[in-house]
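Engineer: Contents of protein.txt (compact mmCIF, C-alpha atoms):
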```txt
# COMPACT_ATOMS: atom_id res chain seq x y z
CA MET A 1 56.00 -68.24 -24.27
CA THR A 2 59.29 -66.50 -23.45
CA PRO A 3 58.67 -62.85 -22.58
CA THR A 4 60.85 -60.04 -23.93
CA ILE A 5 61.84 -57.12 -21.73
CA THR A 6 63.62 -53.91 -22.67
CA ALA A 7 66.73 -52.48 -20.99
CA PHE A 8 69.12 -49.58 -21.58
CA GLU A 9 71.66 -50.10 -24.35
CA ARG A 10 74.03 -48.10 -22.13
CA SER A 11 72.79 -47.89 -18.56
CA PRO A 12 73.53 -44.59 -16.78
CA ASP A 13 74.60 -46.58 -13.69
CA ARG A 14 77.18 -48.56 -15.73
CA GLY A 15 75.48 -51.86 -14.85
CA LYS A 16 75.39 -51.42 -11.07
CA GLY A 17 71.87 -52.84 -10.83
CA LEU A 18 70.05 -49.54 -10.37
CA ALA A 19 68.21 -49.42 -13.71
CA ARG A 20 64.64 -50.60 -13.38
CA ASP A 21 65.03 -53.62 -15.65
CA MET A 22 66.95 -55.12 -12.68
CA ARG A 23 63.71 -55.52 -10.71
CA VAL A 24 62.07 -57.39 -13.56
CA ARG A 25 65.11 -59.58 -14.25
CA TRP A 26 65.31 -60.44 -10.54
CA ALA A 27 61.62 -61.40 -10.40
CA LEU A 28 61.97 -63.57 -13.51
CA GLU A 29 65.03 -65.29 -12.00
CA GLU A 30 63.22 -65.89 -8.69
CA VAL A 31 60.42 -67.76 -10.45
CA GLY A 32 62.74 -69.50 -12.95
CA GLN A 33 61.22 -67.92 -16.05
CA PRO A 34 63.61 -67.49 -19.02
CA TYR A 35 63.38 -64.16 -20.83
CA LYS A 36 64.79 -62.26 -23.77
CA VAL A 37 66.15 -58.73 -23.64
CA ARG A 38 65.90 -56.06 -26.29
CA LEU A 39 68.28 -53.17 -25.72
CA VAL A 40 67.15 -49.62 -26.53
CA SER A 41 69.18 -46.43 -26.90
CA PHE A 42 68.20 -43.17 -25.19
CA GLY A 43 67.19 -41.84 -28.58
CA ALA A 44 65.04 -44.82 -29.50
CA MET A 45 63.29 -44.72 -26.09
CA LYS A 46 61.71 -41.42 -27.02
CA GLU A 47 60.59 -42.50 -30.51
CA PRO A 48 56.96 -43.40 -31.31
CA ALA A 49 57.71 -47.14 -31.68
CA HIS A 50 58.92 -47.41 -28.08
CA ARG A 51 56.36 -44.94 -26.75
CA ALA A 52 53.63 -47.21 -28.11
CA LEU A 53 54.92 -49.73 -25.54
CA HIS A 54 55.82 -47.20 -22.84
CA PRO A 55 53.95 -43.88 -22.82
CA PHE A 56 56.67 -42.24 -20.70
CA GLY A 57 59.52 -43.35 -22.98
CA GLN A 58 61.33 -45.38 -20.33
CA ILE A 59 62.47 -48.94 -19.67
CA PRO A 60 61.58 -51.66 -18.83
CA THR A 61 58.70 -52.91 -20.93
CA TYR A 62 57.40 -56.49 -21.03
CA GLU A 63 55.99 -58.26 -24.08
CA GLU A 64 54.48 -61.71 -24.00
CA GLY A 65 52.35 -62.76 -26.98
CA ASP A 66 49.76 -60.02 -27.45
CA LEU A 67 50.28 -58.58 -23.95
CA ALA A 68 52.44 -55.47 -23.58
CA LEU A 69 53.11 -53.94 -20.16
CA PHE A 70 55.28 -51.16 -18.80
CA GLU A 71 56.22 -49.89 -15.30
CA SER A 72 58.53 -52.16 -13.32
CA GLY A 73 56.19 -52.53 -10.32
CA ALA A 74 53.35 -53.68 -12.55
CA ILE A 75 55.58 -56.11 -14.44
CA VAL A 76 56.93 -57.63 -11.22
CA PHE A 77 53.35 -58.00 -9.98
CA HIS A 78 52.31 -59.66 -13.25
CA ILE A 79 55.16 -62.16 -12.91
CA ALA A 80 54.36 -62.74 -9.22
CA GLU A 81 50.71 -63.40 -10.00
CA ARG A 82 51.44 -65.97 -12.71
CA HIS A 83 54.31 -67.93 -11.17
CA ALA A 84 54.80 -69.41 -7.71
CA GLY A 85 57.50 -67.99 -5.46
CA LEU A 86 56.87 -64.27 -5.04
CA LEU A 87 53.50 -64.07 -3.30
CA PRO A 88 52.33 -66.13 -0.31
CA ASP A 89 49.40 -68.53 -0.70
CA GLY A 90 47.09 -67.21 2.03
CA ALA A 91 44.76 -64.40 0.89
CA ASN A 92 45.63 -62.07 3.78
CA ALA A 93 49.39 -62.66 3.57
CA ARG A 94 49.19 -62.12 -0.21
CA ALA A 95 47.36 -58.79 0.27
CA ARG A 96 50.00 -57.68 2.77
CA ALA A 97 52.85 -58.56 0.40
CA ILE A 98 51.16 -56.52 -2.34
CA THR A 99 50.78 -53.69 0.17
CA TRP A 100 54.56 -53.63 0.61
CA MET A 101 55.04 -53.44 -3.16
CA PHE A 102 52.91 -50.31 -3.29
CA ALA A 103 54.49 -48.88 -0.11
CA ALA A 104 58.01 -49.38 -1.48
CA LEU A 105 57.13 -47.64 -4.75
CA ASN A 106 54.83 -44.86 -3.55
CA THR A 107 56.04 -44.08 -0.01
CA VAL A 108 59.69 -45.16 0.24
CA GLU A 109 61.02 -44.58 -3.27
CA PRO A 110 59.93 -40.96 -3.97
CA PRO A 111 62.18 -39.29 -1.33
CA ILE A 112 65.04 -41.63 -2.29
CA LEU A 113 64.66 -40.92 -5.99
CA ASP A 114 64.62 -37.21 -5.17
CA LEU A 115 68.23 -37.51 -4.04
CA GLN A 116 69.23 -38.72 -7.51
CA THR A 117 66.94 -36.36 -9.41
CA THR A 118 68.31 -33.44 -7.41
CA ARG A 119 71.91 -34.39 -8.14
CA PHE A 120 71.26 -35.02 -11.81
CA LEU A 121 68.98 -32.08 -12.64
CA GLU A 122 69.89 -29.50 -9.99
CA GLY A 123 73.54 -30.30 -9.26
CA ASP A 124 74.66 -27.08 -10.96
CA LYS A 125 72.09 -24.85 -9.24
CA THR A 126 72.99 -22.36 -6.52
CA TRP A 127 70.69 -24.02 -4.01
CA TYR A 128 71.91 -27.59 -4.50
CA LYS A 129 74.27 -27.84 -1.51
CA GLN A 130 71.96 -26.02 0.88
CA ARG A 131 69.01 -28.16 -0.08
CA LEU A 132 70.75 -31.52 0.10
CA PRO A 133 70.39 -31.98 3.89
CA VAL A 134 66.64 -31.32 3.58
CA VAL A 135 66.34 -34.09 0.99
CA GLU A 136 68.48 -36.46 3.05
CA ASP A 137 66.50 -35.86 6.24
CA ARG A 138 63.29 -36.70 4.41
CA ILE A 139 64.85 -40.05 3.51
CA ARG A 140 65.95 -40.59 7.11
CA ASP A 141 62.37 -40.07 8.30
CA ARG A 142 61.20 -42.92 6.07
CA LEU A 143 64.13 -45.20 6.87
CA GLY A 144 63.66 -44.75 10.60
CA GLU A 145 60.04 -45.86 10.30
CA LEU A 146 60.96 -48.73 8.04
CA SER A 147 63.75 -49.85 10.35
CA GLY A 148 61.32 -49.84 13.27
CA ARG A 149 58.87 -52.04 11.39
CA LEU A 150 61.47 -54.51 10.09
CA GLY A 151 63.02 -54.93 13.55
CA ASP A 152 65.11 -58.10 13.57
CA GLY A 153 63.06 -59.86 10.91
CA ASP A 154 64.76 -61.34 7.87
CA TRP A 155 62.03 -60.08 5.55
CA LEU A 156 59.07 -57.71 5.88
CA ASP A 157 56.35 -60.23 6.63
CA GLY A 158 57.30 -63.91 6.84
CA ALA A 159 58.99 -65.40 3.78
CA PHE A 160 60.68 -63.37 1.02
CA SER A 161 58.05 -61.85 -1.31
CA ALA A 162 57.65 -59.45 -4.21
CA GLY A 163 57.29 -56.74 -1.55
CA ASP A 164 60.83 -57.46 -0.33
CA LEU A 165 62.12 -57.63 -3.90
CA ILE A 166 60.83 -54.15 -4.73
CA LEU A 167 61.86 -52.65 -1.39
CA VAL A 168 65.42 -54.02 -1.59
CA ALA A 169 65.70 -52.68 -5.16
CA VAL A 170 64.52 -49.26 -3.94
CA LEU A 171 66.92 -49.18 -0.97
CA LEU A 172 69.85 -50.18 -3.21
CA ARG A 173 69.68 -46.69 -4.69
CA LEU A 174 71.00 -45.37 -1.35
CA LYS A 175 74.15 -47.45 -1.21
CA ALA A 176 76.48 -44.79 -2.61
CA SER A 177 75.08 -42.12 -0.26
CA GLY A 178 76.08 -43.89 2.95
CA ILE A 179 72.66 -43.13 4.48
CA LEU A 180 71.68 -46.79 4.51
CA ASP A 181 74.64 -47.58 6.81
CA GLU A 182 72.97 -45.51 9.53
CA TYR A 183 70.35 -48.27 9.81
CA PRO A 184 72.17 -51.58 10.41
CA ASN A 185 69.07 -53.75 10.17
CA LEU A 186 68.16 -52.18 6.80
CA SER A 187 71.73 -52.62 5.52
CA ALA A 188 71.61 -56.28 6.51
CA TYR A 189 68.18 -56.62 4.88
CA VAL A 190 69.49 -55.25 1.58
CA ALA A 191 72.55 -57.52 1.83
CA ARG A 192 70.24 -60.53 2.30
CA GLY A 193 68.44 -59.55 -0.89
CA GLU A 194 71.68 -59.13 -2.80
CA ALA A 195 72.89 -62.54 -1.62
CA ARG A 196 69.98 -64.39 -3.20
CA PRO A 197 71.10 -66.51 -6.17
CA ALA A 198 68.32 -65.04 -8.33
CA PHE A 199 69.55 -61.53 -7.54
CA ARG A 200 73.11 -62.47 -8.49
CA ARG A 201 72.03 -63.98 -11.81
CA ALA A 202 69.96 -60.89 -12.65
CA PHE A 203 72.76 -58.56 -11.57
CA ASP A 204 75.36 -60.38 -13.64
CA ALA A 205 73.11 -60.36 -16.70
CA GLN A 206 72.53 -56.60 -16.57
CA LEU A 207 76.21 -55.91 -15.84
CA ALA A 208 77.17 -58.00 -18.87
CA VAL A 209 75.19 -55.62 -21.10
CA PHE A 210 77.43 -52.81 -19.97
CA THR A 211 80.79 -54.60 -19.93
CA GLY A 212 80.10 -56.67 -23.04
CA ILE A 213 81.48 -59.67 -21.13
CA PRO A 214 78.87 -62.47 -20.82
CA PRO A 215 78.23 -63.72 -17.27
CA THR A 216 80.19 -66.91 -16.53
CA GLY A 217 77.59 -68.16 -13.98
CA MET B 218 31.95 -57.80 6.80
CA THR B 219 31.99 -54.00 6.70
CA PRO B 220 35.58 -52.71 6.47
CA THR B 221 36.84 -49.80 8.55
CA ILE B 222 39.16 -47.20 7.06
CA THR B 223 41.01 -44.37 8.79
CA ALA B 224 40.96 -40.71 7.77
CA PHE B 225 42.28 -37.41 9.14
CA GLU B 226 40.30 -35.94 12.04
CA ARG B 227 41.16 -32.56 10.52
CA SER B 228 42.34 -32.89 6.93
CA PRO B 229 45.06 -30.41 5.90
CA ASP B 230 43.16 -29.80 2.63
CA ARG B 231 39.97 -28.84 4.53
CA GLY B 232 38.01 -31.64 2.88
CA LYS B 233 38.86 -30.81 -0.74
CA GLY B 234 39.32 -34.48 -1.63
CA LEU B 235 43.14 -34.50 -1.68
CA ALA B 236 43.74 -36.67 1.40
CA ARG B 237 44.45 -40.26 0.45
CA ASP B 238 41.36 -41.70 2.15
CA MET B 239 39.47 -40.15 -0.80
CA ARG B 240 40.89 -42.79 -3.17
CA VAL B 241 39.72 -45.61 -0.93
CA ARG B 242 36.29 -44.06 -0.31
CA TRP B 243 35.86 -43.59 -4.07
CA ALA B 244 36.80 -47.20 -4.82
CA LEU B 245 34.39 -48.47 -2.15
CA GLU B 246 31.61 -46.30 -3.59
CA GLU B 247 32.32 -47.52 -7.14
CA VAL B 248 31.80 -51.14 -6.10
CA GLY B 249 28.91 -50.39 -3.73
CA GLN B 250 30.67 -51.58 -0.58
CA PRO B 251 29.57 -49.85 2.67
CA TYR B 252 32.39 -48.87 5.05
CA LYS B 253 33.05 -47.36 8.42
CA VAL B 254 35.49 -44.54 9.11
CA ARG B 255 37.66 -44.05 12.18
CA LEU B 256 39.11 -40.53 12.43
CA VAL B 257 42.63 -40.08 13.75
CA SER B 258 44.40 -36.94 14.94
CA PHE B 259 47.91 -35.99 13.76
CA GLY B 260 49.18 -36.91 17.21
CA ALA B 261 47.50 -40.32 17.30
CA MET B 262 48.80 -41.14 13.81
CA LYS B 263 52.33 -41.20 15.17
CA GLU B 264 51.51 -43.32 18.24
CA PRO B 265 52.36 -47.05 18.45
CA ALA B 266 48.71 -48.15 18.19
CA HIS B 267 48.31 -46.54 14.76
CA ARG B 268 51.83 -47.42 13.65
CA ALA B 269 50.98 -51.08 14.23
CA LEU B 270 48.48 -50.61 11.40
CA HIS B 271 50.55 -48.18 9.33
CA PRO B 272 54.36 -48.29 9.72
CA PHE B 273 54.72 -44.78 8.26
CA GLY B 274 52.13 -43.23 10.59
CA GLN B 275 49.79 -42.07 7.85
CA ILE B 276 46.22 -42.57 6.66
CA PRO B 277 44.36 -44.43 5.23
CA THR B 278 44.41 -47.89 6.72
CA TYR B 279 41.91 -50.66 6.01
CA GLU B 280 40.68 -53.26 8.49
CA GLU B 281 38.40 -56.13 7.58
CA GLY B 282 38.18 -59.01 10.05
CA ASP B 283 41.73 -60.11 10.75
CA LEU B 284 43.14 -58.36 7.67
CA ALA B 285 44.86 -54.99 8.15
CA LEU B 286 46.27 -53.09 5.16
CA PHE B 287 47.82 -49.66 4.59
CA GLU B 288 48.86 -47.64 1.51
CA SER B 289 46.01 -46.28 -0.59
CA GLY B 290 47.12 -47.92 -3.84
CA ALA B 291 47.23 -51.34 -2.21
CA ILE B 292 43.85 -50.84 -0.56
CA VAL B 293 42.23 -49.76 -3.83
CA PHE B 294 43.76 -52.81 -5.52
CA HIS B 295 42.44 -55.08 -2.76
CA ILE B 296 38.93 -53.67 -3.24
CA ALA B 297 39.22 -53.93 -7.03
CA GLU B 298 40.30 -57.56 -6.82
CA ARG B 299 37.41 -58.59 -4.59
CA HIS B 300 34.51 -56.70 -6.13
CA ALA B 301 33.36 -56.27 -9.72
CA GLY B 302 33.56 -52.85 -11.34
CA LEU B 303 37.15 -51.64 -11.11
CA LEU B 304 39.13 -54.17 -13.17
CA PRO B 305 38.23 -55.56 -16.62
CA ASP B 306 37.48 -59.27 -17.00
CA GLY B 307 40.06 -60.17 -19.67
CA ALA B 308 43.49 -61.16 -18.31
CA ASN B 309 45.43 -58.79 -20.59
CA ALA B 310 43.10 -55.83 -20.06
CA ARG B 311 43.24 -56.48 -16.31
CA ALA B 312 47.07 -56.48 -16.35
CA ARG B 313 47.06 -53.20 -18.29
CA ALA B 314 44.66 -51.56 -15.81
CA ILE B 315 46.95 -52.63 -12.95
CA THR B 316 49.88 -51.20 -14.90
CA TRP B 317 48.18 -47.81 -14.90
CA MET B 318 47.69 -48.01 -11.12
CA PHE B 319 51.43 -48.47 -10.66
CA ALA B 320 52.28 -45.85 -13.31
CA ALA B 321 50.00 -43.27 -11.67
CA LEU B 322 51.59 -43.86 -8.26
CA ASN B 323 55.24 -44.38 -9.18
CA THR B 324 55.74 -42.30 -12.35
CA VAL B 325 53.08 -39.56 -12.38
CA GLU B 326 52.55 -38.81 -8.69
CA PRO B 327 56.15 -38.25 -7.45
CA PRO B 328 56.84 -35.04 -9.46
CA ILE B 329 53.33 -33.79 -8.64
CA LEU B 330 53.71 -34.48 -4.94
CA ASP B 331 57.07 -32.70 -5.04
CA LEU B 332 55.21 -29.46 -5.82
CA GLN B 333 53.28 -29.78 -2.55
CA THR B 334 56.21 -31.08 -0.51
CA THR B 335 58.33 -28.19 -1.77
CA ARG B 336 55.72 -25.63 -0.83
CA PHE B 337 55.05 -27.16 2.57
CA LEU B 338 58.62 -27.98 3.67
CA GLU B 339 60.73 -25.50 1.68
CA GLY B 340 58.36 -22.56 1.22
CA ASP B 341 60.45 -20.44 3.60
CA LYS B 342 63.82 -21.35 2.08
CA THR B 343 65.87 -18.92 -0.01
CA TRP B 344 65.81 -21.22 -3.03
CA TYR B 345 62.06 -21.86 -3.09
CA LYS B 346 61.06 -19.35 -5.80
CA GLN B 347 64.02 -20.11 -8.04
CA ARG B 348 63.44 -23.84 -7.84
CA LEU B 349 59.69 -23.78 -8.43
CA PRO B 350 59.90 -23.58 -12.27
CA VAL B 351 62.22 -26.63 -12.27
CA VAL B 352 59.65 -28.63 -10.29
CA GLU B 353 56.80 -27.45 -12.50
CA ASP B 354 58.61 -28.30 -15.73
CA ARG B 355 59.22 -31.84 -14.47
CA ILE B 356 55.44 -32.15 -14.02
CA ARG B 357 54.86 -30.75 -17.53
CA ASP B 358 57.14 -33.43 -18.99
CA ARG B 359 54.96 -36.15 -17.49
CA LEU B 360 51.67 -34.47 -18.35
CA GLY B 361 52.72 -33.98 -21.96
CA GLU B 362 53.43 -37.69 -22.29
CA LEU B 363 50.23 -38.61 -20.51
CA SER B 364 48.19 -36.24 -22.65
CA GLY B 365 49.66 -37.81 -25.79
CA ARG B 366 48.71 -41.29 -24.63
CA LEU B 367 45.17 -40.38 -23.54
CA GLY B 368 44.45 -38.58 -26.83
CA ASP B 369 40.70 -38.17 -27.21
CA GLY B 370 39.84 -41.26 -25.16
CA ASP B 371 37.40 -41.01 -22.28
CA TRP B 372 39.55 -43.27 -20.10
CA LEU B 373 43.06 -44.70 -20.30
CA ASP B 374 42.23 -48.09 -21.81
CA GLY B 375 38.61 -48.90 -22.60
CA ALA B 376 36.16 -48.66 -19.71
CA PHE B 377 36.82 -46.79 -16.44
CA SER B 378 39.13 -48.83 -14.18
CA ALA B 379 41.08 -48.64 -10.94
CA GLY B 380 43.92 -47.22 -13.08
CA ASP B 381 41.76 -44.23 -13.99
CA LEU B 382 40.59 -43.87 -10.40
CA ILE B 383 44.15 -43.57 -9.09
CA LEU B 384 45.34 -41.36 -11.94
CA VAL B 385 42.43 -38.93 -11.60
CA ALA B 386 43.06 -38.76 -7.85
CA VAL B 387 46.75 -38.00 -8.52
CA LEU B 388 46.00 -35.31 -11.13
CA LEU B 389 43.48 -33.64 -8.81
CA ARG B 390 46.45 -32.47 -6.74
CA LEU B 391 47.33 -30.10 -9.60
CA LYS B 392 44.04 -28.27 -9.76
CA ALA B 393 45.09 -25.30 -7.65
CA SER B 394 48.35 -24.87 -9.59
CA GLY B 395 46.70 -24.17 -12.95
CA ILE B 396 49.15 -26.55 -14.68
CA LEU B 397 46.43 -29.05 -15.49
CA ASP B 398 44.59 -26.39 -17.54
CA GLU B 399 47.50 -26.40 -20.00
CA TYR B 400 46.37 -29.90 -21.10
CA PRO B 401 42.67 -29.67 -22.10
CA ASN B 402 42.24 -33.41 -22.62
CA LEU B 403 43.65 -34.13 -19.14
CA SER B 404 41.42 -31.45 -17.56
CA ALA B 405 38.41 -33.01 -19.24
CA TYR B 406 39.54 -36.48 -18.10
CA VAL B 407 39.75 -35.33 -14.47
CA ALA B 408 36.35 -33.63 -14.79
CA ARG B 409 34.87 -36.92 -16.06
CA GLY B 410 36.23 -38.65 -12.98
CA GLU B 411 34.84 -35.99 -10.66
CA ALA B 412 31.42 -36.26 -12.31
CA ARG B 413 31.01 -39.93 -11.45
CA PRO B 414 28.30 -40.46 -8.83
CA ALA B 415 30.67 -42.63 -6.76
CA PHE B 416 33.24 -39.81 -6.73
CA ARG B 417 30.60 -37.32 -5.59
CA ARG B 418 29.45 -39.56 -2.74
CA ALA B 419 33.03 -40.12 -1.59
CA PHE B 420 33.85 -36.43 -1.89
CA ASP B 421 30.77 -35.37 0.09
CA ALA B 422 31.54 -37.91 2.82
CA GLN B 423 35.11 -36.70 3.32
CA LEU B 424 34.04 -33.03 3.16
CA ALA B 425 31.42 -33.70 5.84
CA VAL B 426 34.19 -34.77 8.23
CA PHE B 427 35.69 -31.31 7.91
CA THR B 428 32.53 -29.19 7.91
CA GLY B 429 30.70 -31.28 10.48
CA ILE B 430 27.63 -31.08 8.22
CA PRO B 431 26.46 -34.57 7.13
CA PRO B 432 26.05 -35.05 3.36
CA THR B 433 22.43 -34.66 2.30
CA GLY B 434 22.85 -37.41 -0.32
```
Could you take the file, read its structure, and then write that structure out as structure tokens?

Structural biologist:
Amino acid sequence: MTPTITAFERSPDRGKGLARDMRVRWALEEVGQPYKVRLVSFGAMKEPAHRALHPFGQIPTYEEGDLALFESGAIVFHIAERHAGLLPDGANARARAITWMFAALNTVEPPILDLQTTRFLEGDKTWYKQRLPVVEDRIRDRLGELSGRLGDGDWLDGAFSAGDLILVAVLLRLKASGILDEYPNLSAYVARGEARPAFRRAFDAQLAVFTGIPPTG
Amino acid sequence: MTPTITAFERSPDRGKGLARDMRVRWALEEVGQPYKVRLVSFGAMKEPAHRALHPFGQIPTYEEGDLALFESGAIVFHIAERHAGLLPDGANARARAITWMFAALNTVEPPILDLQTTRFLEGDKTWYKQRLPVVEDRIRDRLGELSGRLGDGDWLDGAFSAGDLILVAVLLRLKASGILDEYPNLSAYVARGEARPAFRRAFDAQLAVFTGIPPTG
């Protein structure tokens, strides 16, 4: 059965791959699973019909028969569990790949998201400019540790996994800030993710929603 | 094989159950799995030996034979996957319980953790008092949505699951702030979690590390 996901009718990032449907599209492309997309407006996201699917009134959601899921990390995990290609076969390697999914979402993403939240919700406050270096240094702490662990590896732990997919998607949020460039091995890691054919297909599909021009791919 | 977890030698919360080893202890108690604890100092956490287990130099870690994991959400999931009691049997119900684990960690916890991070790292800054209501209102947005979804249910989705375990552990961070009291159904939900015998055993065990007085059980 072809699953249906939801995405922004008009993405705040203008289709630059930062909305969270990108993670789900990328996972579906990696495993070769076709999917449908239902676009939702900011208004409709907060209405009861959408909140029945997503209690926090956000995107993406995932519907497949009588199963309805929300939260991009959980949806990527669901896809990874049911299709080959995103989790290694060995039990220990699989557990470690899942560990990186949680680490990317719960340890790496919060300080990075704070940079965007701060700009969006506190950009007009008196403290914004003074506080910015504090927020950025918190990100650098995490990136330094991550850079040390990645070393000169292509991916986090052997072959590309759902852990890499989520972590690359999280690090992509930093591109505009320039902070990622301070860590050459992390920049190269993100570029490797972006170069994957499945990433390109997913990126083009979400960009096409914004531009209205269908991907030629 | 009995797993070994790590915990703070001296927890910053003085054993009030807020350190992240609590989540892992609670999960192990729910499934009846004995475990060993290795205490680590703040200094040792940042040393190469511990960083080999945990790239971000934190606790908890989880070692079981030749498997080494970090990140509390991932460890709780690993325990839930291998032992009965924390994930429902049906495939769809199981996927929904996992969804709540990710939602608790990636959507609910970040604004809540920001309240503590702000106090700890920005408490002496000029903007701290002005910014505090902004941080608190972001938490209220999430709690309002969560409260609406929980309604008058005992747990998030049928029987108690790993999703409830993580969410209760996340909400516990708010106790001292008084914000949780504004949502009576969420307060009662957290109290139900705290009343579980497995929670009590885990809580007493982590408190005993701080007081030096073994739990009387």

Engineer: Could you produce a table of the residues of chain A lying within 10 Å of chain B, with the nearest pair of atoms per residue and their separation in Å rounded to one decimal, using only C-alpha atoms, ordered by chain and increasing residue number, as a Markdown table?

Structural biologist:
```
| residue | atom | partner | partner_atom | distance |
| --- | --- | --- | --- | --- |
| A:Arg51 | CA | B:Arg366 | CA | 8.7 |
| A:Ala52 | CA | B:Arg366 | CA | 8.4 |
| A:His54 | CA | B:Arg366 | CA | 9.4 |
| A:Pro55 | CA | B:Arg366 | CA | 6.1 |
| A:Phe56 | CA | B:Glu362 | CA | 5.8 |
| A:Gly57 | CA | B:Glu362 | CA | 8.3 |
| A:Asp66 | CA | B:Asn309 | CA | 8.2 |
| A:Leu67 | CA | B:Asn309 | CA | 5.9 |
| A:Ala68 | CA | B:Arg313 | CA | 7.9 |
| A:Leu69 | CA | B:Arg313 | CA | 6.4 |
| A:Phe70 | CA | B:Thr316 | CA | 6.7 |
| A:Glu71 | CA | B:Ala320 | CA | 6.0 |
| A:Ser72 | CA | B:Phe319 | CA | 8.4 |
| A:Gly73 | CA | B:Phe319 | CA | 6.3 |
| A:Ala74 | CA | B:Thr316 | CA | 4.9 |
| A:Ile75 | CA | B:Thr316 | CA | 7.5 |
| A:Phe77 | CA | B:Ile315 | CA | 8.9 |
| A:His78 | CA | B:Ala312 | CA | 6.9 |
| A:Ala91 | CA | B:Leu284 | CA | 9.2 |
| A:Asn92 | CA | B:Leu284 | CA | 5.9 |
| A:Ala93 | CA | B:Leu284 | CA | 8.6 |
| A:Ala95 | CA | B:His295 | CA | 6.9 |
| A:Arg96 | CA | B:Leu286 | CA | 6.4 |
| A:Ala97 | CA | B:Ala291 | CA | 9.5 |
| A:Ile98 | CA | B:Ala291 | CA | 6.5 |
| A:Thr99 | CA | B:Ala291 | CA | 4.9 |
| A:Trp100 | CA | B:Ala291 | CA | 8.2 |
| A:Met101 | CA | B:Ala291 | CA | 8.1 |
| A:Phe102 | CA | B:Ala291 | CA | 5.9 |
| A:Ala103 | CA | B:Glu288 | CA | 6.0 |
| A:Ala104 | CA | B:Asn323 | CA | 9.6 |
| A:Leu105 | CA | B:Asn323 | CA | 5.8 |
| A:Asn106 | CA | B:Asn323 | CA | 5.7 |
| A:Thr107 | CA | B:Glu288 | CA | 8.2 |
| A:Val108 | CA | B:Phe273 | CA | 9.4 |
| A:Glu109 | CA | B:Asn323 | CA | 8.3 |
| A:Pro110 | CA | B:Pro327 | CA | 5.8 |
| A:Pro111 | CA | B:Pro327 | CA | 8.7 |
| A:Leu113 | CA | B:Pro327 | CA | 9.0 |
| A:Asp114 | CA | B:Asp331 | CA | 8.8 |
| A:Leu121 | CA | B:Val351 | CA | 8.7 |
| A:Glu122 | CA | B:Val351 | CA | 8.5 |
| A:Lys125 | CA | B:Arg348 | CA | 8.8 |
| A:Thr126 | CA | B:Trp344 | CA | 8.1 |
| A:Trp127 | CA | B:Trp344 | CA | 5.7 |
| A:Tyr128 | CA | B:Trp344 | CA | 8.9 |
| A:Gln130 | CA | B:Trp344 | CA | 8.7 |
| A:Arg131 | CA | B:Trp344 | CA | 8.2 |
| A:Val134 | CA | B:Glu339 | CA | 8.5 |
| A:Arg138 | CA | B:Leu338 | CA | 9.9 |
| A:Asp141 | CA | B:Phe273 | CA | 9.0 |
| A:Arg142 | CA | B:Phe273 | CA | 7.1 |
| A:Leu143 | CA | B:Phe273 | CA | 9.5 |
| A:Gly144 | CA | B:Phe273 | CA | 9.2 |
| A:Glu145 | CA | B:Phe273 | CA | 5.8 |
| A:Leu146 | CA | B:Pro272 | CA | 6.8 |
| A:Ser147 | CA | B:Pro272 | CA | 9.5 |
| A:Gly148 | CA | B:Pro272 | CA | 8.0 |
| A:Arg149 | CA | B:Pro272 | CA | 6.1 |
| A:Leu150 | CA | B:Pro272 | CA | 9.5 |
```

Engineer: As an exercise, work out the distance from CA of Ser41 in chain A to CA of Glu9 in chain A in Å and give it to one decimal place.

Structural biologist: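 Calculated distance between CA of Ser41 in chain A and CA of Glu9 in chain A is 5.1 Å.
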
Engineer: Mind listing as a PDB file with C-alpha atoms, in the frame of the given file all residues within 10 Å of (72.9, -58.7, -18.7), counting all atoms listed in the file?

Structural biologist:
```
ATOM      1  CA  ALA A   7      66.730 -52.480 -20.990  1.00  0.00           C
ATOM      2  CA  GLY A  15      75.480 -51.860 -14.850  1.00  0.00           C
ATOM      3  CA  GLY A  17      71.870 -52.840 -10.830  1.00  0.00           C
ATOM      4  CA  ASP A  21      65.030 -53.620 -15.650  1.00  0.00           C
ATOM      5  CA  MET A  22      66.950 -55.120 -12.680  1.00  0.00           C
ATOM      6  CA  ARG A  25      65.110 -59.580 -14.250  1.00  0.00           C
ATOM      7  CA  VAL A  37      66.150 -58.730 -23.640  1.00  0.00           C
ATOM      8  CA  ARG A 201      72.030 -63.980 -11.810  1.00  0.00           C
ATOM      9  CA  ALA A 202      69.960 -60.890 -12.650  1.00  0.00           C
ATOM     10  CA  PHE A 203      72.760 -58.560 -11.570  1.00  0.00           C
ATOM     11  CA  ASP A 204      75.360 -60.380 -13.640  1.00  0.00           C
ATOM     12  CA  ALA A 205      73.110 -60.360 -16.700  1.00  0.00           C
ATOM     13  CA  GLN A 206      72.530 -56.600 -16.570  1.00  0.00           C
ATOM     14  CA  LEU A 207      76.210 -55.910 -15.840  1.00  0.00           C
ATOM     15  CA  ALA A 208      77.170 -58.000 -18.870  1.00  0.00           C
ATOM     16  CA  VAL A 209      75.190 -55.620 -21.100  1.00  0.00           C
ATOM     17  CA  PHE A 210      77.430 -52.810 -19.970  1.00  0.00           C
ATOM     18  CA  THR A 211      80.790 -54.600 -19.930  1.00  0.00           C
ATOM     19  CA  GLY A 212      80.100 -56.670 -23.040  1.00  0.00           C
ATOM     20  CA  ILE A 213      81.480 -59.670 -21.130  1.00  0.00           C
ATOM     21  CA  PRO A 214      78.870 -62.470 -20.820  1.00  0.00           C
ATOM     22  CA  PRO A 215      78.230 -63.720 -17.270  1.00  0.00           C
TER      23      PRO A 215
END
```
